[in-house]
Amino acid sequence: MDRQYFSVKPQDEGLFDINSRQRVLKFILIVSLITFLPLSIKNFVIGETLLACFLVAFELVLLIEIIAVLRLKHSLWRYKPSLFFLSISMVLTVDSFGTLGTYWVFPVVVTVVFLVPRKLALITNGVIIVGSIFTIIPHQEPTVTLRFVLALLFSVSIAHCVVETLRQLQSKLSYLSTRDSLTGALNRHQMEISLQAATRKAALGQQTCIAIIDIDYFKKVNDLHGHDVGDQVIKSVVELVNSNSRQTDLLFRLGGDEFLLLFDNTKQESALTVTQNIRNKTIAGLAIQCPQIAEVTLSIGIAQSIANETSEVWVKRADMALYAAKKAGRNQVKVSVISEYYPDKLVNIQSAAK
Ligand SMILES: Nc1nc2c(ncn2[C@@H]2O[C@H](COP(=O)(O)OP(=O)(O)OP(=O)(O)O)[C@@H](O)[C@H]2O)c(=O)[nH]1
């Protein structure tokens, strides 16, 4: 169950999440100012004007990009211009200073592997490595150039292996820390984050819905057939909900046999159709996957978002609709309708089609 929201392609991203990335970016900015700014001034003074200009351009673009990330929380150009100026600066450094210039290439290519998303790192390092090999040839004996090439490839390969291992570990950890281990549904912490985001969107006028889904008389399933069959029923319900909702809808396990489905930008009528469909398919679907279970049904409570409502109240309304569905005899969907006296008379529970 790789829902779009959480398949943020960690493998393709830089190694750091947005919070640690902010700390790393500040550090990079300080280090690059301390190292590259004096270098640019020195190159202006000794007459290496082209190299000095590229270093200044790199510093400037990086400065703008990092400030944008820190302030706006997103990158302006995904670091492409700064990486372009950096790669050209490296090639020009080797061209101007020969072997001395190659000393800069090693830390730069390794840093690029660690900090830049995989594809961009490959392109940047490709330009730096190929460019510096061609420019070092006139400065060096072929055997020395060969050593330089081998040492460079060795450094990049080792860095690449380490980063790939870390990315895979990061990806596994991120999966484990966001999911419920039995069903693979997202956990409560993720639910709080997603509901906060949804309420912010609701405040801006985008309406969406949540549905709380609960298996009816689930205790009896455990009591009659055992805990393992109970687990299988829970997993089957999750599979059914996932296969009957969109990739952009998110399913969270609230606990036990209760789940919350957050619809992406969906009106109440559509949420009702989807949940009715899930409810209808549950009985047939479970009969195939858990043949020992005669019948398992679902009760569902739906609530549409309201501008400036807290996520707690929104969930509470869905929960009240679910309670009404249980009270009305189970195996049905109920929708929470806002009374005109909201929030004093919080909700009316309106019966939906059985
Ligand atoms: N097999 C299994 N059972 C669980 C799990 N988590 C909670 N339960 C059981 O699920 C049952 C939940 O029952 P309730 O929701 O309180 O009640 P119910 O029998 O479903 O009845 P209604 O919800 O009122 O229709 C309890 O017996 C829990 O012990 C789990 O991970 N696996």
# chains A, B, ... in the order shown; residues from 1 in each chain; ligands from 1
>>> residues_near_ligand(ligand="ligand 1", cutoff="6 Å", atoms="only C-alpha atoms and all ligand atoms", output="PyMOL selection string")
chain A and resi 215-220+222+227-228+230-231+256-257
>>> write_last_selection(atoms="C-alpha atoms", output="mmCIF file, in the first residue's frame")
data_model
loop_
_atom_site.group_PDB
_atom_site.id
_atom_site.type_symbol
_atom_site.label_atom_id
_atom_site.label_comp_id
_atom_site.auth_asym_id
_atom_site.auth_seq_id
_atom_site.Cartn_x
_atom_site.Cartn_y
_atom_site.Cartn_z
ATOM 1 C CA ILE A 215 -15.795 -3.752 11.808
ATOM 2 C CA ASP A 216 -19.086 -4.873 13.355
ATOM 3 C CA TYR A 217 -19.023 -7.337 16.246
ATOM 4 C CA PHE A 218 -15.341 -7.940 15.719
ATOM 5 C CA LYS A 219 -14.927 -9.264 19.242
ATOM 6 C CA LYS A 220 -17.109 -12.212 18.207
ATOM 7 C CA ASN A 222 -11.847 -13.245 17.752
ATOM 8 C CA HIS A 227 -6.968 -14.007 17.155
ATOM 9 C CA ASP A 228 -5.149 -15.118 13.972
ATOM 10 C CA GLY A 230 -9.238 -11.824 13.537
ATOM 11 C CA ASP A 231 -5.909 -10.450 12.271
ATOM 12 C CA GLY A 256 -8.164 -2.335 17.061
ATOM 13 C CA ASP A 257 -10.731 -2.770 14.295
#
>>> select_by_dssp(residues="region 82-328 of chain A", states="helix (DSSP H, G or I)", output="PyMOL selection string")
chain A and resi 82-97+99-115+118-139+142-178+188-203+218-225+227-243+268-289+311-327
>>> atom_distance(atom1="CA of Glu192 (chain A)", atom2="CA of Tyr175 (chain A)")
16.6 Å
>>> atom_distance(atom1="CA of Leu176 (chain A)", atom2="CA of Gln232 (chain A)")
20.0 Å
>>> residues_around(residues="Leu250 (chain A)", least_positions_apart="5", cutoff="12 Å", atoms="only C-alpha atoms", output="number ranges by chain")
A: 1-7, 179, 184-188, 190-195, 198, 209-212, 238, 241-245, 259-265
